[in-house]
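*Asks:* Input: one structure, supplied below.
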Amino acid sequence: MCLAVFKKCFNFHASSDLKKMGFYPYFHRVESEQGPEVIVDGAKKIVVCSNNYLGLANHPKVIEASVNAVKKYGTSCTGSRFLNGTNDLHEKVESKFAKFVEKEEAVLFTTGHHSNLGTLSSLVGKNEVLITDKLDHASIIDGCRLSSGELVRFRHNDMTDLERQLSKYYGKGMLIVVDGIFSMEGDMAKLPKISNLAKKYGAGVFVDEAHSLGVVGKNGKGIGEYFNMKEDIDVVMATASKSLASIGGFIASKTEIIDYIKHNARTMIFTASLPPGCVGAIDAALDLVINEPERRTKLIKISQKMKSAFEFMGYNTNNSNSPIIPLTVGNDLVAFKMWKMLFDEGIFASPVTTPAVPEGRAIIRTSYMATHSDLHLDFILEKFNKVGKQLGIIA
Ligand SMILES: Cc1ncc(COP(=O)(O)O)c(C=O)c1O
């Protein structure tokens with residue numbers, strides 16, 4: 001007999017239905033390092049779904065730094081940053097990150113998700129308001145839900161709607177929270193206008209640079225640098241799981257704000273710290289972000305080439321302005337079918353379906369790395385052209 005609490009599990013058929021149809025796109029087994037080519041389920045695929053933007057996840061210097069950190073500090077810190085889990089390597093990368101994004105101080109959480117969860121929930125309290133873009137990442141929404149402040153959402157990148165919300169709550173403590181580059185759309189937050197409105201209504205500005213750090217701005221410092229407005233961002237968040245080739249999440253801000261977060265964020269206090277191997281990788285990856293700007297230049301060139309080529313074929317790439325190029329393909333089933341057809345053609349892509357996107361607007365989210373070669377890119381374009389035509393998405 002099935003207990004009441006487990007009934008929903010036995011009535012959940014979404015994944016088994018897709019498996020029966022042969023379109024199941026999730027949890028496929030990668031059997032190699034994460035480069036532009038991977039072995040998935042025993043066969044070589046060209047990757048268009050990675051966040052390894054600068055191609056550092058298999059860089060020899062990053063691997064060496066990670067191995068050396070494990071040799072020196074062991075595999076785990078076995079405790080919270082708050083108690084026994086802080087070592088000199090954590091502090092070294094925090095200083096390096098703060099200097100890089102030009103903030104007084106930074107703190108390193110165990111994941112990017114934890115950074116958003118802990119920071120937003122501790123920073124915004126009762127009778128205060130979190131004003132978020134409707135397409136902000138789930139970890140931002142989770143952090144807002146955990147906060148005792150009020151969660152308010154404005155239409156994606158709609159500055160009139162943002163102002164409407166700010167004027168409604170004027171007089172309260174308000175924090176505007178946006179993705180720097182939106183993870184599914186690949187477009188950028190309108191920081192100049194956001195900053196003007198924040199000043200007008202006395203709100204703070206929090207920018208999640210998960211997809212923009214290392215990627216945009218002359219030195220890869222994110223959208224603050226891209227718009228030449230670094231000082232207009234009060235709190236910078238970035239993950240180490242994308243351009244920084246590891247895992248972990250940074251928050252950078254004024255010393256007093258960081259000190260408050262360190263002593264109040266539950267995801268800082270009640271979880272074990274980032275293991276040494278991951279911190280060592282971040283240390284080396286940050287050096288490469290700083291010292292090898294040519295990776296960023298190449299990535300931007302690749303992204304522009306791919307966006308123009310997809311648009312020329314007739315794909316809708318939405319407002320993408322980054323290495324994330326989403327292609328709108330139709331309903332969820334079309335996206336799953338397309339994923340499978342691409343997979344069979346040697347491409348490893350990501351379908352994004354409801355509820356992450358509105359009904360009928362499923363996408364194949366493509367993303368690029370500085371280490372994709374012209375051969376890889378031409379192969380990707382050829383296959384998307386073939387499959388898109390077969391499905392009637394492009395003419
Ligand atoms: C915009 C954004 N913020 C935060 C996160 C969470 O970061 P992490 O995967 O490092 O926990 C992600 C991850 O996909 C993201 O895309």
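Labeling convention for the structure tokens: chains A, B, ... as they appear, residues from 1 per chain, ligands from 1 in order of appearance.
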Using 7 Å as the limit and counting only C-alpha atoms and all ligand atoms, can you tabulate each residue of chain A that touches ligand 1, with its shortest atom-to-atom distance in Å and the two atoms involved, as CSV?

*Replies:*
residue,atom,partner,partner_atom_place_in_ligand_line,distance
A:Thr111,CA,ligand 1,11 (O),4.3
A:Gly112,CA,ligand 1,10 (O),3.5
A:His113,CA,ligand 1,11 (O),3.8
A:His114,CA,ligand 1,11 (O),6.5
A:Asn116,CA,ligand 1,4 (C),6.9
A:Asp136,CA,ligand 1,1 (C),6.9
A:His137,CA,ligand 1,1 (C),4.8
A:Ser139,CA,ligand 1,4 (C),5.6
A:Ile140,CA,ligand 1,3 (N),7.0
A:Asp179,CA,ligand 1,1 (C),5.6
A:Phe182,CA,ligand 1,1 (C),6.3
A:Ser183,CA,ligand 1,16 (O),5.0
A:Asp208,CA,ligand 1,1 (C),5.9
A:Glu209,CA,ligand 1,1 (C),6.9
A:Ala210,CA,ligand 1,1 (C),4.9
A:His211,CA,ligand 1,1 (C),6.2
A:Thr239,CA,ligand 1,10 (O),4.6
A:Ala240,CA,ligand 1,10 (O),5.9
A:Ser241,CA,ligand 1,10 (O),4.6
A:Ile247,CA,ligand 1,10 (O),5.6
A:Gly248,CA,ligand 1,10 (O),5.6
A:Gly249,CA,ligand 1,10 (O),5.9

*Asks:* Filtering to C-alpha atoms, could you give me those residues as an mmCIF file, in the first residue's frame?

*Replies:*
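Below is the file that was written, part_20.cif:
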data_model
loop_
_atom_site.group_PDB
_atom_site.id
_atom_site.type_symbol
_atom_site.label_atom_id
_atom_site.label_comp_id
_atom_site.auth_asym_id
_atom_site.auth_seq_id
_atom_site.Cartn_x
_atom_site.Cartn_y
_atom_site.Cartn_z
ATOM 1 C CA THR A 111 27.705 27.204 -4.026
ATOM 2 C CA GLY A 112 26.313 30.083 -6.042
ATOM 3 C CA HIS A 113 22.847 28.963 -5.026
ATOM 4 C CA HIS A 114 23.876 29.216 -1.368
ATOM 5 C CA ASN A 116 21.868 33.959 -3.197
ATOM 6 C CA ASP A 136 15.769 36.126 -12.375
ATOM 7 C CA HIS A 137 17.418 32.801 -11.618
ATOM 8 C CA SER A 139 18.270 30.688 -6.654
ATOM 9 C CA ILE A 140 17.361 34.386 -6.369
ATOM 10 C CA ASP A 179 20.830 38.719 -13.194
ATOM 11 C CA PHE A 182 19.918 36.293 -17.831
ATOM 12 C CA SER A 183 20.626 32.588 -17.790
ATOM 13 C CA ASP A 208 24.078 38.248 -9.971
ATOM 14 C CA GLU A 209 27.062 38.080 -12.322
ATOM 15 C CA ALA A 210 26.940 34.259 -12.619
ATOM 16 C CA HIS A 211 26.985 34.352 -16.424
ATOM 17 C CA THR A 239 29.376 31.815 -9.060
ATOM 18 C CA ALA A 240 32.567 29.849 -9.492
ATOM 19 C CA SER A 241 30.708 27.135 -11.402
ATOM 20 C CA ILE A 247 31.978 25.447 -7.702
ATOM 21 C CA GLY A 248 31.298 28.061 -5.047
ATOM 22 C CA GLY A 249 29.735 31.509 -4.878
#

*Asks:* Would you return as a list in words the members of region 206-302 of chain A that DSSP assigns to strand (DSSP E or B) on this structure's backbone?

*Replies:*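 Matching residues for strand (DSSP E or B) in region 206-302 of chain A are Phe206, Val207, Asp208, Val235, Val236, Met237, Ala238, Thr239, Gly249, Phe250, Ile251, Ala252, Ser253 and Ala272 of chain A.
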
*Asks:* What would the file look like if the residues just selected were written as a PDB file, in the first residue's frame with C-alpha atoms?

*Replies:*
ATOM      1  CA  PHE A 206      22.242  43.516  -6.225  1.00  0.00           C
ATOM      2  CA  VAL A 207      23.592  41.987  -9.450  1.00  0.00           C
ATOM      3  CA  ASP A 208      24.078  38.248  -9.971  1.00  0.00           C
ATOM      4  CA  VAL A 235      26.252  43.909  -3.905  1.00  0.00           C
ATOM      5  CA  VAL A 236      27.992  41.767  -6.542  1.00  0.00           C
ATOM      6  CA  MET A 237      27.300  38.053  -6.637  1.00  0.00           C
ATOM      7  CA  ALA A 238      29.168  35.568  -8.846  1.00  0.00           C
ATOM      8  CA  THR A 239      29.376  31.815  -9.060  1.00  0.00           C
ATOM      9  CA  GLY A 249      29.735  31.509  -4.878  1.00  0.00           C
ATOM     10  CA  PHE A 250      31.081  34.955  -4.071  1.00  0.00           C
ATOM     11  CA  ILE A 251      29.366  37.970  -2.589  1.00  0.00           C
ATOM     12  CA  ALA A 252      31.327  41.239  -2.704  1.00  0.00           C
ATOM     13  CA  SER A 253      30.383  44.571  -1.187  1.00  0.00           C
ATOM     14  CA  ALA A 272      30.367  22.960   5.427  1.00  0.00           C
TER      15      ALA A 272
END

*Asks:* Near region 142-147 of chain A, counting only C-alpha atoms, which residues have an atom at most 9 Å away, once you skip same-chain residues fewer than 2 positions from it, shown as a VMD selection string?

*Replies:* chain A and resid 113 to 126 130 132 137 to 140 149 to 151

*Asks:* Store the residues picked out above in a file with N, CA and C atoms, as a PDB file, in the first residue's frame.

*Replies:*
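Output file part.pdb follows:
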ATOM      1  N   HIS A 113      24.217  29.034  -5.531  1.00  0.00           N
ATOM      2  CA  HIS A 113      22.847  28.963  -5.026  1.00  0.00           C
ATOM      3  C   HIS A 113      22.816  29.378  -3.551  1.00  0.00           C
ATOM      4  N   HIS A 114      23.769  28.850  -2.794  1.00  0.00           N
ATOM      5  CA  HIS A 114      23.876  29.216  -1.368  1.00  0.00           C
ATOM      6  C   HIS A 114      24.134  30.708  -1.178  1.00  0.00           C
ATOM      7  N   SER A 115      24.918  31.300  -2.078  1.00  0.00           N
ATOM      8  CA  SER A 115      25.221  32.741  -1.950  1.00  0.00           C
ATOM      9  C   SER A 115      23.936  33.542  -2.034  1.00  0.00           C
ATOM     10  N   ASN A 116      23.120  33.214  -3.026  1.00  0.00           N
ATOM     11  CA  ASN A 116      21.868  33.959  -3.197  1.00  0.00           C
ATOM     12  C   ASN A 116      20.898  33.681  -2.053  1.00  0.00           C
ATOM     13  N   LEU A 117      20.814  32.414  -1.698  1.00  0.00           N
ATOM     14  CA  LEU A 117      19.893  32.019  -0.619  1.00  0.00           C
ATOM     15  C   LEU A 117      20.243  32.747   0.683  1.00  0.00           C
ATOM     16  N   GLY A 118      21.495  32.659   1.070  1.00  0.00           N
ATOM     17  CA  GLY A 118      21.925  33.209   2.354  1.00  0.00           C
ATOM     18  C   GLY A 118      21.941  34.730   2.364  1.00  0.00           C
ATOM     19  N   THR A 119      22.402  35.314   1.268  1.00  0.00           N
ATOM     20  CA  THR A 119      22.555  36.770   1.245  1.00  0.00           C
ATOM     21  C   THR A 119      21.198  37.463   1.184  1.00  0.00           C
ATOM     22  N   LEU A 120      20.358  37.028   0.259  1.00  0.00           N
ATOM     23  CA  LEU A 120      19.072  37.731   0.102  1.00  0.00           C
ATOM     24  C   LEU A 120      18.200  37.543   1.339  1.00  0.00           C
ATOM     25  N   SER A 121      18.236  36.336   1.911  1.00  0.00           N
ATOM     26  CA  SER A 121      17.367  36.096   3.071  1.00  0.00           C
ATOM     27  C   SER A 121      17.866  36.825   4.315  1.00  0.00           C
ATOM     28  N   SER A 122      19.170  37.037   4.407  1.00  0.00           N
ATOM     29  CA  SER A 122      19.665  37.722   5.613  1.00  0.00           C
ATOM     30  C   SER A 122      19.640  39.239   5.450  1.00  0.00           C
ATOM     31  N   LEU A 123      19.822  39.696   4.213  1.00  0.00           N
ATOM     32  CA  LEU A 123      19.962  41.138   3.988  1.00  0.00           C
ATOM     33  C   LEU A 123      18.631  41.876   3.998  1.00  0.00           C
ATOM     34  N   VAL A 124      17.577  41.192   3.561  1.00  0.00           N
ATOM     35  CA  VAL A 124      16.278  41.871   3.451  1.00  0.00           C
ATOM     36  C   VAL A 124      15.305  41.238   4.450  1.00  0.00           C
ATOM     37  N   GLY A 125      14.846  42.044   5.381  1.00  0.00           N
ATOM     38  CA  GLY A 125      14.013  41.512   6.460  1.00  0.00           C
ATOM     39  C   GLY A 125      12.591  42.038   6.440  1.00  0.00           C
ATOM     40  N   LYS A 126      11.946  41.882   7.573  1.00  0.00           N
ATOM     41  CA  LYS A 126      10.546  42.265   7.760  1.00  0.00           C
ATOM     42  C   LYS A 126      10.323  43.733   7.361  1.00  0.00           C
ATOM     43  N   LEU A 130      12.062  42.969  -1.692  1.00  0.00           N
ATOM     44  CA  LEU A 130      12.982  42.484  -2.718  1.00  0.00           C
ATOM     45  C   LEU A 130      12.299  42.691  -4.064  1.00  0.00           C
ATOM     46  N   THR A 132      12.422  42.079  -7.880  1.00  0.00           N
ATOM     47  CA  THR A 132      13.157  41.167  -8.763  1.00  0.00           C
ATOM     48  C   THR A 132      12.595  41.174 -10.184  1.00  0.00           C
ATOM     49  N   HIS A 137      17.134  34.221 -11.849  1.00  0.00           N
ATOM     50  CA  HIS A 137      17.418  32.801 -11.618  1.00  0.00           C
ATOM     51  C   HIS A 137      16.671  32.255 -10.392  1.00  0.00           C
ATOM     52  N   ALA A 138      16.369  30.970 -10.441  1.00  0.00           N
ATOM     53  CA  ALA A 138      15.619  30.307  -9.370  1.00  0.00           C
ATOM     54  C   ALA A 138      16.276  30.494  -7.998  1.00  0.00           C
ATOM     55  N   SER A 139      17.595  30.544  -7.956  1.00  0.00           N
ATOM     56  CA  SER A 139      18.270  30.688  -6.654  1.00  0.00           C
ATOM     57  C   SER A 139      17.975  32.060  -6.039  1.00  0.00           C
ATOM     58  N   ILE A 140      17.741  33.053  -6.875  1.00  0.00           N
ATOM     59  CA  ILE A 140      17.361  34.386  -6.369  1.00  0.00           C
ATOM     60  C   ILE A 140      15.955  34.296  -5.779  1.00  0.00           C
ATOM     61  N   GLY A 149      11.226  39.453   4.081  1.00  0.00           N
ATOM     62  CA  GLY A 149      10.793  40.623   3.314  1.00  0.00           C
ATOM     63  C   GLY A 149       9.757  40.228   2.275  1.00  0.00           C
ATOM     64  N   GLU A 150       9.192  41.249   1.623  1.00  0.00           N
ATOM     65  CA  GLU A 150       8.165  40.985   0.607  1.00  0.00           C
ATOM     66  C   GLU A 150       8.834  40.799  -0.760  1.00  0.00           C
ATOM     67  N   LEU A 151       8.376  39.791  -1.502  1.00  0.00           N
ATOM     68  CA  LEU A 151       8.912  39.541  -2.845  1.00  0.00           C
ATOM     69  C   LEU A 151       8.009  40.195  -3.888  1.00  0.00           C
TER      70      LEU A 151
END

*Asks:* Can you tell me which residues surround region 333-350 of chain A at a distance of at most 10 Å, considering only C-alpha atoms, apart from same-chain residues fewer than 3 positions away, and format the answer as a PDB file with N, CA and C atoms, in the first residue's frame?

*Replies:*
ATOM      1  N   LEU A  18       8.456  10.523 -21.214  1.00  0.00           N
ATOM      2  CA  LEU A  18       9.493  10.976 -22.171  1.00  0.00           C
ATOM      3  C   LEU A  18      10.444   9.828 -22.512  1.00  0.00           C
ATOM      4  N   MET A  21       8.920   7.623 -25.042  1.00  0.00           N
ATOM      5  CA  MET A  21       8.945   8.230 -26.383  1.00  0.00           C
ATOM      6  C   MET A  21      10.354   8.285 -26.960  1.00  0.00           C
ATOM      7  N   GLY A  22      11.360   8.047 -26.094  1.00  0.00           N
ATOM      8  CA  GLY A  22      12.757   8.089 -26.546  1.00  0.00           C
ATOM      9  C   GLY A  22      13.330   9.492 -26.568  1.00  0.00           C
ATOM     10  N   PHE A  23      12.664  10.452 -25.895  1.00  0.00           N
ATOM     11  CA  PHE A  23      13.118  11.849 -25.941  1.00  0.00           C
ATOM     12  C   PHE A  23      13.690  12.338 -24.622  1.00  0.00           C
ATOM     13  N   TYR A  24      13.932  11.465 -23.668  1.00  0.00           N
ATOM     14  CA  TYR A  24      14.317  11.925 -22.325  1.00  0.00           C
ATOM     15  C   TYR A  24      15.696  12.610 -22.364  1.00  0.00           C
ATOM     16  N   PRO A  25      15.765  13.912 -22.042  1.00  0.00           N
ATOM     17  CA  PRO A  25      17.033  14.645 -22.236  1.00  0.00           C
ATOM     18  C   PRO A  25      17.888  14.815 -20.983  1.00  0.00           C
ATOM     19  N   TYR A  26      17.427  14.300 -19.844  1.00  0.00           N
ATOM     20  CA  TYR A  26      18.093  14.647 -18.582  1.00  0.00           C
ATOM     21  C   TYR A  26      18.983  13.526 -18.025  1.00  0.00           C
ATOM     22  N   HIS A  28      21.897  12.489 -18.573  1.00  0.00           N
ATOM     23  CA  HIS A  28      22.726  11.625 -19.427  1.00  0.00           C
ATOM     24  C   HIS A  28      24.149  11.602 -18.871  1.00  0.00           C
ATOM     25  N   PRO A  36      34.795  21.226 -25.263  1.00  0.00           N
ATOM     26  CA  PRO A  36      33.823  21.386 -26.369  1.00  0.00           C
ATOM     27  C   PRO A  36      33.368  20.041 -26.932  1.00  0.00           C
ATOM     28  N   GLU A  37      34.202  18.996 -26.712  1.00  0.00           N
ATOM     29  CA  GLU A  37      33.794  17.643 -27.106  1.00  0.00           C
ATOM     30  C   GLU A  37      33.712  16.810 -25.831  1.00  0.00           C
ATOM     31  N   VAL A  38      32.651  16.017 -25.710  1.00  0.00           N
ATOM     32  CA  VAL A  38      32.544  15.126 -24.543  1.00  0.00           C
ATOM     33  C   VAL A  38      32.078  13.747 -25.001  1.00  0.00           C
ATOM     34  N   ILE A  39      32.298  12.773 -24.162  1.00  0.00           N
ATOM     35  CA  ILE A  39      31.726  11.451 -24.414  1.00  0.00           C
ATOM     36  C   ILE A  39      30.461  11.365 -23.556  1.00  0.00           C
ATOM     37  N   VAL A  40      29.324  11.193 -24.216  1.00  0.00           N
ATOM     38  CA  VAL A  40      28.055  11.047 -23.488  1.00  0.00           C
ATOM     39  C   VAL A  40      27.423   9.716 -23.888  1.00  0.00           C
ATOM     40  N   ALA A  43      29.329   7.871 -26.598  1.00  0.00           N
ATOM     41  CA  ALA A  43      29.622   8.398 -27.939  1.00  0.00           C
ATOM     42  C   ALA A  43      30.066   9.859 -27.863  1.00  0.00           C
ATOM     43  N   LYS A  44      30.903  10.260 -28.843  1.00  0.00           N
ATOM     44  CA  LYS A  44      31.409  11.646 -28.860  1.00  0.00           C
ATOM     45  C   LYS A  44      30.312  12.621 -29.278  1.00  0.00           C
ATOM     46  N   LYS A  45      30.191  13.716 -28.542  1.00  0.00           N
ATOM     47  CA  LYS A  45      29.217  14.765 -28.875  1.00  0.00           C
ATOM     48  C   LYS A  45      29.929  16.120 -28.833  1.00  0.00           C
ATOM     49  N   ILE A  46      29.446  17.058 -29.632  1.00  0.00           N
ATOM     50  CA  ILE A  46      29.914  18.446 -29.535  1.00  0.00           C
ATOM     51  C   ILE A  46      28.954  19.159 -28.582  1.00  0.00           C
ATOM     52  N   VAL A  47      29.535  19.855 -27.612  1.00  0.00           N
ATOM     53  CA  VAL A  47      28.737  20.441 -26.527  1.00  0.00           C
ATOM     54  C   VAL A  47      28.264  21.849 -26.883  1.00  0.00           C
ATOM     55  N   VAL A  48      26.952  22.094 -26.733  1.00  0.00           N
ATOM     56  CA  VAL A  48      26.442  23.478 -26.832  1.00  0.00           C
ATOM     57  C   VAL A  48      25.588  23.803 -25.612  1.00  0.00           C
ATOM     58  N   CYS A  49      25.908  23.187 -24.482  1.00  0.00           N
ATOM     59  CA  CYS A  49      25.079  23.438 -23.302  1.00  0.00           C
ATOM     60  C   CYS A  49      25.915  23.632 -22.046  1.00  0.00           C
ATOM     61  N   SER A  50      27.169  24.017 -22.219  1.00  0.00           N
ATOM     62  CA  SER A  50      28.019  24.143 -21.035  1.00  0.00           C
ATOM     63  C   SER A  50      28.147  25.606 -20.615  1.00  0.00           C
ATOM     64  N   PRO A 326      19.597  31.471 -27.007  1.00  0.00           N
ATOM     65  CA  PRO A 326      18.439  30.578 -26.960  1.00  0.00           C
ATOM     66  C   PRO A 326      17.694  30.597 -28.294  1.00  0.00           C
ATOM     67  N   LEU A 327      17.305  29.441 -28.762  1.00  0.00           N
ATOM     68  CA  LEU A 327      16.558  29.359 -30.027  1.00  0.00           C
ATOM     69  C   LEU A 327      15.132  28.929 -29.699  1.00  0.00           C
ATOM     70  N   THR A 328      14.167  29.762 -30.032  1.00  0.00           N
ATOM     71  CA  THR A 328      12.771  29.408 -29.757  1.00  0.00           C
ATOM     72  C   THR A 328      12.334  28.374 -30.785  1.00  0.00           C
ATOM     73  N   VAL A 329      11.768  27.256 -30.301  1.00  0.00           N
ATOM     74  CA  VAL A 329      11.452  26.168 -31.244  1.00  0.00           C
ATOM     75  C   VAL A 329       9.980  25.775 -31.274  1.00  0.00           C
ATOM     76  N   GLY A 330       9.176  26.181 -30.281  1.00  0.00           N
ATOM     77  CA  GLY A 330       7.747  25.812 -30.293  1.00  0.00           C
ATOM     78  C   GLY A 330       7.315  25.235 -28.966  1.00  0.00           C
ATOM     79  N   THR A 353      11.978  23.984 -21.142  1.00  0.00           N
ATOM     80  CA  THR A 353      10.537  23.856 -21.396  1.00  0.00           C
ATOM     81  C   THR A 353       9.743  24.467 -20.240  1.00  0.00           C
ATOM     82  N   GLY A 360       4.383  27.023 -25.185  1.00  0.00           N
ATOM     83  CA  GLY A 360       4.541  27.229 -26.631  1.00  0.00           C
ATOM     84  C   GLY A 360       5.802  27.972 -27.017  1.00  0.00           C
ATOM     85  N   ARG A 361       6.622  28.329 -26.005  1.00  0.00           N
ATOM     86  CA  ARG A 361       7.848  29.093 -26.310  1.00  0.00           C
ATOM     87  C   ARG A 361       9.087  28.365 -25.784  1.00  0.00           C
ATOM     88  N   ALA A 362       9.068  27.035 -25.938  1.00  0.00           N
ATOM     89  CA  ALA A 362      10.223  26.245 -25.482  1.00  0.00           C
ATOM     90  C   ALA A 362      11.452  26.635 -26.304  1.00  0.00           C
ATOM     91  N   ILE A 363      12.608  26.489 -25.661  1.00  0.00           N
ATOM     92  CA  ILE A 363      13.839  26.847 -26.372  1.00  0.00           C
ATOM     93  C   ILE A 363      14.860  25.709 -26.316  1.00  0.00           C
ATOM     94  N   ILE A 364      15.761  25.744 -27.285  1.00  0.00           N
ATOM     95  CA  ILE A 364      17.012  25.006 -27.141  1.00  0.00           C
ATOM     96  C   ILE A 364      18.011  26.081 -26.752  1.00  0.00           C
ATOM     97  N   ARG A 365      18.534  25.955 -25.515  1.00  0.00           N
ATOM     98  CA  ARG A 365      19.494  26.961 -25.036  1.00  0.00           C
ATOM     99  C   ARG A 365      20.882  26.535 -25.494  1.00  0.00           C
ATOM    100  N   THR A 366      21.487  27.348 -26.366  1.00  0.00           N
ATOM    101  CA  THR A 366      22.861  27.028 -26.758  1.00  0.00           C
ATOM    102  C   THR A 366      23.800  27.999 -26.059  1.00  0.00           C
ATOM    103  N   SER A 367      25.005  27.529 -25.745  1.00  0.00           N
ATOM    104  CA  SER A 367      25.998  28.404 -25.115  1.00  0.00           C
ATOM    105  C   SER A 367      27.381  27.974 -25.590  1.00  0.00           C
ATOM    106  N   HIS A 376      34.145  22.915 -34.882  1.00  0.00           N
ATOM    107  CA  HIS A 376      33.020  22.608 -33.983  1.00  0.00           C
ATOM    108  C   HIS A 376      31.811  23.471 -34.358  1.00  0.00           C
ATOM    109  N   PHE A 379      30.100  22.586 -37.572  1.00  0.00           N
ATOM    110  CA  PHE A 379      29.377  21.322 -37.386  1.00  0.00           C
ATOM    111  C   PHE A 379      28.037  21.593 -36.680  1.00  0.00           C
ATOM    112  N   ILE A 380      28.094  22.429 -35.629  1.00  0.00           N
ATOM    113  CA  ILE A 380      26.878  22.771 -34.875  1.00  0.00           C
ATOM    114  C   ILE A 380      25.861  23.436 -35.803  1.00  0.00           C
ATOM    115  N   GLU A 382      25.617  23.324 -39.073  1.00  0.00           N
ATOM    116  CA  GLU A 382      25.108  22.380 -40.089  1.00  0.00           C
ATOM    117  C   GLU A 382      23.983  21.524 -39.491  1.00  0.00           C
ATOM    118  N   LYS A 383      24.185  21.043 -38.282  1.00  0.00           N
ATOM    119  CA  LYS A 383      23.191  20.148 -37.668  1.00  0.00           C
ATOM    120  C   LYS A 383      21.923  20.902 -37.268  1.00  0.00           C
ATOM    121  N   PHE A 384      22.073  22.117 -36.761  1.00  0.00           N
ATOM    122  CA  PHE A 384      20.873  22.896 -36.405  1.00  0.00           C
ATOM    123  C   PHE A 384      20.094  23.271 -37.669  1.00  0.00           C
ATOM    124  N   LYS A 386      19.956  21.445 -40.450  1.00  0.00           N
ATOM    125  CA  LYS A 386      19.315  20.205 -40.902  1.00  0.00           C
ATOM    126  C   LYS A 386      18.081  19.873 -40.044  1.00  0.00           C
ATOM    127  N   VAL A 387      18.285  19.844 -38.722  1.00  0.00           N
ATOM    128  CA  VAL A 387      17.212  19.425 -37.815  1.00  0.00           C
ATOM    129  C   VAL A 387      16.087  20.481 -37.774  1.00  0.00           C
ATOM    130  N   GLY A 388      16.464  21.747 -37.788  1.00  0.00           N
ATOM    131  CA  GLY A 388      15.462  22.825 -37.779  1.00  0.00           C
ATOM    132  C   GLY A 388      14.547  22.731 -38.993  1.00  0.00           C
ATOM    133  N   GLN A 390      14.002  19.920 -40.798  1.00  0.00           N
ATOM    134  CA  GLN A 390      13.209  18.678 -40.673  1.00  0.00           C
ATOM    135  C   GLN A 390      11.981  18.893 -39.783  1.00  0.00           C
ATOM    136  N   LEU A 391      12.142  19.731 -38.771  1.00  0.00           N
ATOM    137  CA  LEU A 391      11.030  19.960 -37.840  1.00  0.00           C
ATOM    138  C   LEU A 391      10.126  21.121 -38.274  1.00  0.00           C
ATOM    139  N   ILE A 393      10.919  24.264 -38.186  1.00  0.00           N
ATOM    140  CA  ILE A 393      11.125  25.456 -37.361  1.00  0.00           C
ATOM    141  C   ILE A 393      11.712  26.586 -38.220  1.00  0.00           C
TER     142      ILE A 393
END

*Asks:* Name the residues in contact with His59 (chain A) at a cut-off of 12 Å, using only C-alpha atoms, excluding same-chain residues fewer than 4 positions from it; report them as a PyMOL selection string.

*Replies:* chain A and resi 33-35+52+54-55+63-66+243-246+281-282+284-285+288-289+371

*Asks:* Would you mind reading off the distance between CA of Arg153 (chain A) and CA of Val177 (chain A), one decimal, in Å?

*Replies:*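 Between CA of Arg153 (chain A) and CA of Val177 (chain A) the gap works out to 9.7 Å.
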
*Asks:* Rounded to one decimal in Å, what is the spacing between CA of Val352 (chain A) and CA of Glu185 (chain A)?

*Replies:*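 If I compute the distance from CA of Val352 (chain A) to CA of Glu185 (chain A), I get 10.7 Å.
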
*Asks:* Considering only alpha helix (DSSP H) as DSSP defines it on the backbone, what residues of region 109-316 of chain A qualify? List them as a PyMOL selection string.

*Replies:* chain A and resi 112-123+138-146+159-168+191-201+223-226+255-264+266-269+276-291+294-313

*Asks:* Taking only C-alpha atoms into account, which of A:Leu56, A:Leu286, A:Val107, A:Val129 comes nearest Gly171 (chain A)?

*Replies:*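 Between A:Leu56, A:Leu286, A:Val107, A:Val129, the residue approaching Gly171 (chain A) most closely is A:Val129.
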
*Asks:* Determine, counting only C-alpha atoms, which protein, DNA and RNA residues have an atom within 9 Å of an atom of Leu191 (chain A); residues of the same chain fewer than 2 positions away are not included. Present the result as a list in words.

*Replies:* Gly180, Met188, Ala189, Lys193, Ile194, Ser195, Asn196, Ile223, Gly224, Phe227, Met229, Asp232 and Ile233 of chain A
